[in-house]
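J.: Sending over target04.txt (compact mmCIF, C-alpha atoms and all ligand atoms).
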# COMPACT_ATOMS: atom_id res chain seq x y z
CA MET A 218 22.96 -156.23 37.23
CA ASN A 219 23.72 -159.95 37.49
CA PRO A 220 21.26 -161.52 35.00
CA ARG A 221 21.02 -164.64 37.19
CA ALA A 222 19.67 -162.46 40.01
CA VAL A 223 16.63 -161.23 38.07
CA GLY A 224 13.47 -162.43 39.79
CA ARG A 225 11.81 -165.29 37.91
CA TRP A 226 8.36 -164.63 39.36
CA GLN A 227 7.13 -161.09 38.73
CA HIS A 228 4.84 -159.10 36.49
CA ARG A 229 4.25 -155.47 35.60
CA LEU A 230 1.11 -153.72 36.78
CA SER A 231 -0.79 -151.08 34.83
CA ASP A 232 0.06 -148.42 37.41
CA GLY A 233 3.81 -148.77 36.75
CA ARG A 234 4.62 -150.90 39.76
CA THR A 235 5.96 -154.46 39.54
CA GLN A 236 4.47 -157.29 41.57
CA CYS A 237 6.70 -159.96 43.05
CA ASP A 238 5.00 -163.35 42.65
CA LEU A 239 7.46 -165.39 44.66
CA CYS A 240 5.56 -165.48 47.93
CA PRO A 241 1.96 -164.83 48.99
CA ARG A 242 2.77 -161.30 50.15
CA ALA A 243 2.74 -160.26 46.48
CA CYS A 244 4.65 -157.04 47.18
CA ARG A 245 3.91 -154.31 44.64
CA LEU A 246 7.05 -152.27 44.23
CA LYS A 247 7.79 -148.90 42.68
CA PRO A 248 11.30 -148.49 41.22
CA GLY A 249 13.76 -148.34 44.11
CA GLN A 250 11.42 -149.95 46.65
CA ARG A 251 12.20 -153.09 48.63
CA GLY A 252 9.81 -155.91 49.44
CA PHE A 253 8.79 -157.01 52.93
CA CYS A 254 11.72 -159.46 52.92
CA PHE A 255 14.07 -156.48 52.35
CA VAL A 256 16.33 -158.43 49.99
CA ARG A 257 14.30 -158.20 46.80
CA SER A 258 13.92 -154.80 45.21
CA SER A 259 12.76 -153.09 42.06
CA HIS A 260 15.60 -151.89 39.82
CA ASP A 261 13.90 -149.61 37.30
CA GLY A 262 10.84 -151.84 37.35
CA VAL A 263 12.64 -155.19 37.38
CA ILE A 264 12.59 -157.12 40.66
CA VAL A 265 15.99 -158.49 41.58
CA CYS A 266 17.23 -160.85 44.29
CA ASP A 267 19.83 -158.56 45.87
CA THR A 268 21.47 -161.32 47.91
CA TYR A 269 22.23 -163.50 44.88
CA GLY A 270 25.82 -164.75 45.24
CA ARG A 271 26.28 -163.44 48.79
CA SER A 272 26.33 -165.60 51.89
CA SER A 273 25.96 -164.74 55.58
CA GLY A 274 28.14 -167.68 56.59
CA PHE A 275 29.00 -171.33 56.14
CA ALA A 276 29.23 -174.28 58.51
CA ILE A 277 29.60 -178.03 58.26
CA ASP A 278 26.80 -179.72 60.21
CA PRO A 279 25.43 -183.22 60.64
CA VAL A 280 22.26 -183.64 58.55
CA GLU A 281 20.41 -184.41 61.81
CA LYS A 282 20.78 -180.73 62.74
CA LYS A 283 18.51 -179.52 59.89
CA PRO A 284 16.65 -181.61 61.25
CA LEU A 285 16.46 -184.57 58.85
CA ASN A 286 16.53 -187.98 60.55
CA HIS A 287 15.65 -190.16 57.54
CA PHE A 288 17.99 -188.68 54.93
CA HIS A 289 21.46 -190.26 54.80
CA PRO A 290 21.90 -190.38 58.60
CA GLY A 291 25.24 -189.29 59.96
CA SER A 292 26.25 -187.55 56.73
CA SER A 293 27.60 -184.01 56.74
CA VAL A 294 26.02 -180.96 55.21
CA LEU A 295 27.40 -177.62 54.12
CA SER A 296 24.94 -175.11 55.57
CA PHE A 297 24.63 -171.61 54.27
CA GLY A 298 22.20 -168.73 54.17
CA THR A 299 21.89 -165.09 53.16
CA ALA A 300 19.89 -162.35 54.91
CA GLY A 301 16.26 -161.28 55.24
CA CYS A 302 13.02 -163.26 55.58
CA ASN A 303 9.47 -163.16 54.26
CA SER A 304 7.93 -164.25 57.58
CA GLY A 305 7.49 -162.00 60.58
CA CYS A 306 7.84 -164.48 63.44
CA ARG A 307 7.80 -162.84 66.85
CA PHE A 308 9.80 -165.80 68.19
CA CYS A 309 12.46 -165.89 65.45
CA GLN A 310 15.44 -167.94 66.66
CA ASN A 311 17.72 -166.46 63.94
CA TRP A 312 16.57 -162.85 64.04
CA ASP A 313 20.07 -161.38 63.66
CA ILE A 314 20.19 -162.91 60.16
CA SER A 315 16.54 -162.81 59.18
CA LYS A 316 16.16 -159.15 60.13
CA ALA A 317 19.62 -158.11 58.94
CA ARG A 318 19.71 -154.72 57.26
CA ASP A 319 23.48 -154.53 57.25
CA TRP A 320 24.73 -155.70 53.87
CA ASP A 321 28.32 -155.77 55.07
CA ARG A 322 27.44 -158.92 56.99
CA LEU A 323 27.22 -160.75 53.70
CA GLY A 324 30.27 -162.31 52.08
CA ALA A 325 31.28 -160.73 48.80
CA GLU A 326 31.44 -163.75 46.56
CA ALA A 327 29.80 -167.16 46.80
CA SER A 328 28.69 -168.24 43.35
CA PRO A 329 26.52 -171.39 43.06
CA GLU A 330 29.45 -173.28 41.53
CA ARG A 331 31.83 -172.11 44.28
CA ILE A 332 29.46 -173.30 47.02
CA ALA A 333 29.13 -176.72 45.39
CA ASP A 334 32.93 -176.94 45.02
CA VAL A 335 33.45 -176.05 48.69
CA ALA A 336 30.97 -178.76 49.68
CA CYS A 337 33.02 -181.26 47.65
CA GLN A 338 36.27 -180.10 49.24
CA TYR A 339 34.85 -180.66 52.73
CA GLY A 340 33.37 -184.04 51.86
CA ALA A 341 29.80 -182.87 52.49
CA GLU A 342 27.13 -185.09 50.96
CA SER A 343 24.58 -182.26 50.91
CA VAL A 344 24.24 -178.49 50.83
CA ALA A 345 21.49 -177.00 52.98
CA PHE A 346 19.87 -173.62 52.35
CA THR A 347 19.18 -172.62 55.92
CA TYR A 348 19.69 -169.90 58.61
CA ASN A 349 17.18 -167.70 56.78
CA ASP A 350 14.37 -168.81 54.48
CA PRO A 351 15.68 -169.81 51.01
CA ILE A 352 12.35 -168.85 49.45
CA ILE A 353 13.50 -165.23 49.31
CA PHE A 354 16.69 -166.19 47.46
CA ALA A 355 14.98 -168.86 45.35
CA GLU A 356 16.91 -168.10 42.13
CA TYR A 357 20.23 -168.42 43.99
CA ALA A 358 19.10 -171.59 45.79
CA ILE A 359 17.85 -173.21 42.55
CA ASP A 360 21.09 -172.43 40.67
CA THR A 361 23.17 -173.68 43.61
CA ALA A 362 21.04 -176.83 43.79
CA ALA A 363 21.73 -177.50 40.10
CA ALA A 364 25.49 -177.03 40.61
CA CYS A 365 25.32 -179.42 43.56
CA ARG A 366 23.48 -182.12 41.63
CA GLU A 367 26.06 -181.89 38.83
CA ARG A 368 28.65 -182.83 41.46
CA GLY A 369 26.57 -185.57 43.09
CA ILE A 370 25.67 -183.45 46.14
CA HIS A 371 22.14 -183.32 47.53
CA PRO A 372 20.42 -179.92 47.78
CA ILE A 373 18.31 -179.47 50.94
CA ALA A 374 15.85 -176.65 51.73
CA VAL A 375 15.05 -175.65 55.31
CA THR A 376 12.04 -173.39 55.04
CA ALA A 377 8.80 -172.07 56.49
CA GLY A 378 7.01 -172.94 53.26
CA TYR A 379 5.40 -169.51 52.76
CA MET A 380 5.70 -169.58 48.98
CA SER A 381 3.43 -168.88 46.01
CA ALA A 382 1.88 -171.69 43.96
CA GLN A 383 3.67 -170.31 40.89
CA ALA A 384 7.15 -170.66 42.38
CA ARG A 385 6.72 -174.01 44.17
CA PRO A 386 7.39 -176.38 41.26
CA GLU A 387 10.74 -174.94 40.17
CA PHE A 388 11.94 -174.57 43.76
CA TYR A 389 10.96 -178.00 45.11
CA ASP A 390 11.87 -179.93 41.97
CA ALA A 391 15.38 -178.53 42.47
CA MET A 392 15.67 -180.07 45.97
CA ASP A 393 16.40 -183.64 47.03
CA ALA A 394 15.09 -183.04 50.56
CA ALA A 395 13.35 -180.40 52.63
CA ASN A 396 12.50 -179.70 56.21
CA ILE A 397 9.40 -177.52 56.27
CA ASP A 398 8.11 -175.76 59.37
CA LEU A 399 4.52 -176.31 60.32
CA LYS A 400 4.55 -173.68 63.03
CA GLY A 401 1.13 -174.43 64.45
CA PHE A 402 -2.31 -175.43 63.32
CA ALA A 403 -4.46 -172.34 63.84
CA GLU A 404 -4.82 -169.49 61.37
CA GLU A 405 -5.00 -166.98 64.22
CA PHE A 406 -1.65 -168.18 65.56
CA TYR A 407 -0.09 -167.99 62.11
CA ARG A 408 -1.44 -164.49 61.46
CA LYS A 409 -0.66 -162.94 64.83
CA VAL A 410 2.60 -164.67 65.74
CA THR A 411 4.26 -165.38 62.37
CA GLY A 412 2.69 -162.71 60.15
CA THR A 413 1.88 -165.37 57.54
CA HIS A 414 -1.04 -167.68 56.75
CA LEU A 415 -1.57 -171.35 57.52
CA ARG A 416 -3.37 -172.22 54.25
CA ASP A 417 -0.39 -171.22 52.08
CA VAL A 418 1.98 -173.31 54.21
CA LEU A 419 -0.30 -176.36 54.09
CA ASP A 420 -0.50 -176.04 50.30
CA THR A 421 3.30 -175.92 50.11
CA ILE A 422 3.67 -179.01 52.31
CA GLU A 423 1.17 -180.97 50.24
CA PHE A 424 2.96 -179.95 47.05
CA ALA A 425 6.41 -180.83 48.37
CA VAL A 426 5.32 -184.23 49.70
CA ASN A 427 2.99 -185.34 46.91
CA GLU A 428 3.95 -183.56 43.71
CA ALA A 429 7.56 -182.39 43.69
CA ARG A 430 9.88 -184.64 41.74
CA THR A 431 13.63 -185.12 41.51
CA PRO A 432 15.16 -185.52 37.99
CA ASP A 433 14.88 -189.32 38.16
CA GLY A 434 11.15 -189.01 38.84
CA GLY A 435 11.49 -189.81 42.54
CA ARG A 436 9.87 -187.90 45.36
CA VAL A 437 11.55 -185.13 47.28
CA TRP A 438 12.16 -186.32 50.83
CA VAL A 439 10.23 -184.12 53.30
CA GLU A 440 10.28 -183.89 57.09
CA LEU A 441 8.24 -181.40 59.15
CA THR A 442 9.10 -179.37 62.25
CA THR A 443 6.84 -177.74 64.82
CA LEU A 444 8.46 -175.46 67.38
CA LEU A 445 6.22 -175.77 70.44
CA ILE A 446 5.73 -172.45 72.23
CA PRO A 447 4.14 -172.70 75.69
CA GLY A 448 0.61 -171.31 75.66
CA TYR A 449 0.59 -170.54 71.94
CA ASN A 450 0.50 -173.72 69.85
CA ASP A 451 0.88 -176.58 72.32
CA ASP A 452 -2.72 -177.39 73.29
CA ASP A 453 -4.03 -180.90 72.72
CA ALA A 454 -6.72 -179.84 70.25
CA GLN A 455 -4.26 -178.05 67.96
CA LEU A 456 -1.80 -180.95 68.13
CA HIS A 457 -4.47 -183.55 67.34
CA ALA A 458 -5.69 -181.45 64.41
CA GLU A 459 -2.18 -180.95 63.04
CA CYS A 460 -1.26 -184.62 63.22
CA ALA A 461 -4.56 -185.77 61.74
CA TRP A 462 -4.01 -183.35 58.83
CA ILE A 463 -0.50 -184.71 58.24
CA ARG A 464 -1.81 -188.27 58.27
CA GLU A 465 -4.64 -187.48 55.84
CA HIS A 466 -2.76 -185.24 53.41
CA CYS A 467 0.86 -186.42 53.58
CA GLY A 468 0.66 -189.95 54.93
CA ARG A 469 1.96 -191.61 58.09
CA ASP A 470 5.57 -191.85 56.91
CA VAL A 471 6.45 -188.14 56.93
CA PRO A 472 8.68 -187.63 60.00
CA LEU A 473 7.56 -184.92 62.40
CA HIS A 474 9.92 -183.11 64.77
CA PHE A 475 8.59 -181.31 67.85
CA SER A 476 11.29 -178.93 68.98
CA ALA A 477 11.66 -176.85 72.13
CA PHE A 478 11.30 -173.07 72.03
CA HIS A 479 13.87 -170.86 73.72
CA PRO A 480 12.98 -167.25 74.57
CA ALA A 481 14.10 -164.97 71.73
CA TYR A 482 13.45 -161.76 69.82
CA ARG A 483 9.96 -160.38 70.60
CA MET A 484 9.01 -163.35 72.78
CA ALA A 485 11.88 -163.15 75.24
CA ASP A 486 9.36 -163.20 78.11
CA VAL A 487 7.89 -166.60 77.17
CA PRO A 488 9.38 -169.56 79.08
CA CYS A 489 11.25 -172.47 77.47
CA THR A 490 9.17 -175.46 76.40
CA PRO A 491 9.13 -178.07 79.18
CA LEU A 492 10.20 -181.59 78.24
CA GLU A 493 6.76 -182.89 79.31
CA THR A 494 5.14 -180.81 76.55
CA LEU A 495 7.34 -182.39 73.89
CA VAL A 496 6.70 -185.86 75.26
CA ARG A 497 2.93 -185.20 75.29
CA ALA A 498 3.00 -183.88 71.71
CA ARG A 499 4.97 -186.92 70.55
CA SER A 500 2.48 -189.23 72.23
CA ILE A 501 -0.46 -187.43 70.56
CA ALA A 502 1.21 -187.66 67.14
CA MET A 503 1.90 -191.38 67.49
CA GLY A 504 -1.66 -191.88 68.74
CA GLU A 505 -2.85 -190.20 65.52
CA GLY A 506 -0.91 -192.81 63.58
CA LEU A 507 2.26 -190.97 62.56
CA ARG A 508 5.11 -193.47 62.39
CA TYR A 509 8.19 -191.32 62.99
CA VAL A 510 7.92 -188.60 65.62
CA TYR A 511 10.92 -186.90 67.23
CA THR A 512 11.71 -184.38 69.92
CA GLY A 513 14.38 -181.73 69.39
CA ASN A 514 16.34 -179.00 71.22
CA VAL A 515 16.18 -181.11 74.39
CA HIS A 516 18.14 -184.08 75.70
CA TYR A 517 15.66 -186.94 75.46
CA PRO A 518 17.20 -190.03 73.82
CA GLU A 519 13.82 -191.78 73.52
CA GLY A 520 12.60 -188.93 71.31
CA ASP A 521 15.84 -188.89 69.30
CA ALA A 522 15.67 -192.56 68.27
CA THR A 523 14.20 -194.13 65.13
CA TYR A 524 12.05 -197.22 65.72
CA CYS A 525 10.88 -199.98 63.41
CA PRO A 526 7.39 -198.98 62.18
CA ASN A 527 6.10 -202.56 62.46
CA PRO A 528 3.95 -202.48 65.66
CA GLU A 529 4.81 -206.12 66.32
CA CYS A 530 8.52 -205.34 66.21
CA GLY A 531 9.25 -201.76 67.29
CA ALA A 532 13.02 -202.39 67.49
CA VAL A 533 15.30 -199.41 67.99
CA LEU A 534 16.98 -198.87 64.64
CA ILE A 535 18.95 -195.65 65.09
CA ARG A 536 20.10 -194.34 68.46
CA ARG A 537 21.07 -190.68 68.62
CA ASP A 538 22.48 -188.47 71.32
CA TRP A 539 21.60 -184.95 70.27
CA TYR A 540 22.87 -184.90 66.66
CA ARG A 541 25.37 -187.73 67.05
CA ILE A 542 24.53 -191.21 65.73
CA GLY A 543 25.18 -193.96 68.29
CA THR A 544 24.06 -197.05 66.40
CA ASN A 545 22.41 -197.39 63.01
CA ARG A 546 20.94 -200.85 62.33
CA ILE A 547 18.95 -199.99 59.21
CA THR A 548 19.99 -202.27 56.35
CA GLY A 549 21.44 -200.93 53.11
CA ASP A 550 18.08 -201.32 51.40
CA GLY A 551 16.27 -199.43 54.18
CA ARG A 552 14.80 -202.24 56.27
CA CYS A 553 14.58 -203.33 59.87
CA PRO A 554 17.17 -206.13 60.33
CA ASP A 555 14.87 -207.95 62.79
CA CYS A 556 11.57 -208.17 60.90
CA GLY A 557 12.47 -206.96 57.40
CA VAL A 558 9.87 -204.17 57.29
CA SER A 559 10.79 -201.18 55.13
CA VAL A 560 11.59 -197.87 56.84
CA ALA A 561 10.64 -194.70 54.96
CA GLY A 562 13.62 -192.53 54.03
CA ARG A 563 16.75 -192.22 51.91
CA TRP A 564 19.31 -194.54 53.42
CA GLY A 565 21.87 -195.39 50.76
S1 LIG B 1 9.57 -162.66 48.26
FE1 LIG B 1 9.91 -160.66 49.28
S2 LIG B 1 9.46 -159.12 47.72
FE2 LIG B 1 8.61 -161.06 46.98
S3 LIG B 1 6.45 -161.03 47.65
FE3 LIG B 1 7.62 -162.11 49.24
S4 LIG B 1 8.20 -160.55 50.75
FE4 LIG B 1 7.56 -159.47 48.89
Could the structure of this file be written out as structure tokens, please?

T.:
Amino acid sequence: MNPRAVGRWQHRLSDGRTQCDLCPRACRLKPGQRGFCFVRSSHDGVIVCDTYGRSSGFAIDPVEKKPLNHFHPGSSVLSFGTAGCNSGCRFCQNWDISKARDWDRLGAEASPERIADVACQYGAESVAFTYNDPIIFAEYAIDTAAACRERGIHPIAVTAGYMSAQARPEFYDAMDAANIDLKGFAEEFYRKVTGTHLRDVLDTIEFAVNEARTPDGGRVWVELTTLLIPGYNDDDAQLHAECAWIREHCGRDVPLHFSAFHPAYRMADVPCTPLETLVRARSIAMGEGLRYVYTGNVHYPEGDATYCPNPECGAVLIRRDWYRIGTNRITGDGRCPDCGVSVAGRWG
């Protein structure tokens, strides 16, 4: 057994089972059993991350694709993931990876150090843990993040945020940035459509935004994404409530991305999100006082652009066409060149 793959969050129960404390599912496993995520299992009473050191694929992407619009715009990212997931989303857009039961899909060898070296070779400024949720391979993601930081590369988590309070500090302190899904704002939606719970995700978001710290004591940069599914999470009341919560608990500067749903997995009969829905959601969010609100998965340049947050200025600062940067006028110290107001983000 690879000692680095031993689960860091677990405890023995009096009945002989071992409880995984990594996510709120708290799976209680007998020797030989697998957790809900399928990729953590009990080896003679010790829970192990079975996908440690194995990748389902690599790609070089623009950071905007994660999506992160305020984190070193235009830079490239080495994206990688493993297999399995601890959510049960009926609309999963990556279900071939998240529900993978075929271990042969995974590459044989991708140590944390090797991934960081490959990122250097390709000139990537960041490595993103993505495709499937890095929570379930937290030990592997944390070790890879450390190897990346040693080489001056930023670790990024792309996650649904369904994580235990115990595991959050070590995981988020290891990241320089994160995009966290806020899939809706109703517990019933979360329970029925994602198989998870809203409260746990909100707690994760608050922790990541307000408490997580990088080694120099700075904050982890966080952006949020809501995939809008027609008839499920796109009503005005839910959108107002979500945006008001973000404003109150995370502040107005956390960027929010509304992205378009495409029929997939167990929701193949639900239509695509119309552009008007994304435009309406963006308008509601800005009306609630959020400063940086984007649309995604659609061609809508107005919703791709970054604007000066000064209401008396409002200049276009970054123009994007899908994931491609057209112009970037933000100054080196992160300000609007017209009025000098600071723009939240990591721009260096
Ligand atoms: S990470 Fe996997 S094994 Fe652990 S509690 Fe969550 S679903 Fe269960």

J.: Rank nothing, just name the residue among A:Ile422, A:Ala222, A:Cys302, A:Ile542 nearest to ligand LIG 1 (chain B), using all atoms listed in the file.

T.: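 So, comparing all the options, the nearest one is A:Cys302.
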
J.: Would you compute the box with edges along x, y and z of the file around ligand LIG 1 (chain B), including every atom the file lists for it and 8 Å extra on each side, and give its centre and edge lengths in Å to one decimal, as JSON?

T.:
{"center_x": 8.2, "center_y": -160.9, "center_z": 48.9, "size_x": 19.5, "size_y": 19.5, "size_z": 19.8}

J.: Could you pull out every residue with an atom within 7 Å of (15.9, -158.7, 42.6), file coordinates, counting only C-alpha atoms, and send them as a VMD selection string?

T.: chain A and resid 222 to 224 257 to 259 264 to 267

J.: Choose the residue, out of A:Leu419, A:Ile373, A:Ala363, A:Ala403, that has the smallest atom-to-atom separation from A:Phe288; count all atoms listed in the file.

T.: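 Comparing A:Leu419, A:Ile373, A:Ala363, A:Ala403 against A:Phe288, the winner is A:Ile373.
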
J.: Please identify every polymer residue within 10 Å of ligand LIG 1 (chain B), using only C-alpha atoms and all ligand atoms, and present the set as a ChimeraX atom specification.

T.: /A:224,226-227,236-246,250-259,264-266,301-305,350-355,379-381

J.: For the selection you just gave me, I'd like the residues written to a file as a PDB file, in the frame of the given file, keeping C-alpha atoms.

T.:
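The file below, selection29.pdb, is the result:
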ATOM      1  CA  GLY A 224      13.470-162.430  39.790  1.00  0.00           C
ATOM      2  CA  TRP A 226       8.360-164.630  39.360  1.00  0.00           C
ATOM      3  CA  GLN A 227       7.130-161.090  38.730  1.00  0.00           C
ATOM      4  CA  GLN A 236       4.470-157.290  41.570  1.00  0.00           C
ATOM      5  CA  CYS A 237       6.700-159.960  43.050  1.00  0.00           C
ATOM      6  CA  ASP A 238       5.000-163.350  42.650  1.00  0.00           C
ATOM      7  CA  LEU A 239       7.460-165.390  44.660  1.00  0.00           C
ATOM      8  CA  CYS A 240       5.560-165.480  47.930  1.00  0.00           C
ATOM      9  CA  PRO A 241       1.960-164.830  48.990  1.00  0.00           C
ATOM     10  CA  ARG A 242       2.770-161.300  50.150  1.00  0.00           C
ATOM     11  CA  ALA A 243       2.740-160.260  46.480  1.00  0.00           C
ATOM     12  CA  CYS A 244       4.650-157.040  47.180  1.00  0.00           C
ATOM     13  CA  ARG A 245       3.910-154.310  44.640  1.00  0.00           C
ATOM     14  CA  LEU A 246       7.050-152.270  44.230  1.00  0.00           C
ATOM     15  CA  GLN A 250      11.420-149.950  46.650  1.00  0.00           C
ATOM     16  CA  ARG A 251      12.200-153.090  48.630  1.00  0.00           C
ATOM     17  CA  GLY A 252       9.810-155.910  49.440  1.00  0.00           C
ATOM     18  CA  PHE A 253       8.790-157.010  52.930  1.00  0.00           C
ATOM     19  CA  CYS A 254      11.720-159.460  52.920  1.00  0.00           C
ATOM     20  CA  PHE A 255      14.070-156.480  52.350  1.00  0.00           C
ATOM     21  CA  VAL A 256      16.330-158.430  49.990  1.00  0.00           C
ATOM     22  CA  ARG A 257      14.300-158.200  46.800  1.00  0.00           C
ATOM     23  CA  SER A 258      13.920-154.800  45.210  1.00  0.00           C
ATOM     24  CA  SER A 259      12.760-153.090  42.060  1.00  0.00           C
ATOM     25  CA  ILE A 264      12.590-157.120  40.660  1.00  0.00           C
ATOM     26  CA  VAL A 265      15.990-158.490  41.580  1.00  0.00           C
ATOM     27  CA  CYS A 266      17.230-160.850  44.290  1.00  0.00           C
ATOM     28  CA  GLY A 301      16.260-161.280  55.240  1.00  0.00           C
ATOM     29  CA  CYS A 302      13.020-163.260  55.580  1.00  0.00           C
ATOM     30  CA  ASN A 303       9.470-163.160  54.260  1.00  0.00           C
ATOM     31  CA  SER A 304       7.930-164.250  57.580  1.00  0.00           C
ATOM     32  CA  GLY A 305       7.490-162.000  60.580  1.00  0.00           C
ATOM     33  CA  ASP A 350      14.370-168.810  54.480  1.00  0.00           C
ATOM     34  CA  PRO A 351      15.680-169.810  51.010  1.00  0.00           C
ATOM     35  CA  ILE A 352      12.350-168.850  49.450  1.00  0.00           C
ATOM     36  CA  ILE A 353      13.500-165.230  49.310  1.00  0.00           C
ATOM     37  CA  PHE A 354      16.690-166.190  47.460  1.00  0.00           C
ATOM     38  CA  ALA A 355      14.980-168.860  45.350  1.00  0.00           C
ATOM     39  CA  TYR A 379       5.400-169.510  52.760  1.00  0.00           C
ATOM     40  CA  MET A 380       5.700-169.580  48.980  1.00  0.00           C
ATOM     41  CA  SER A 381       3.430-168.880  46.010  1.00  0.00           C
TER      42      SER A 381
END
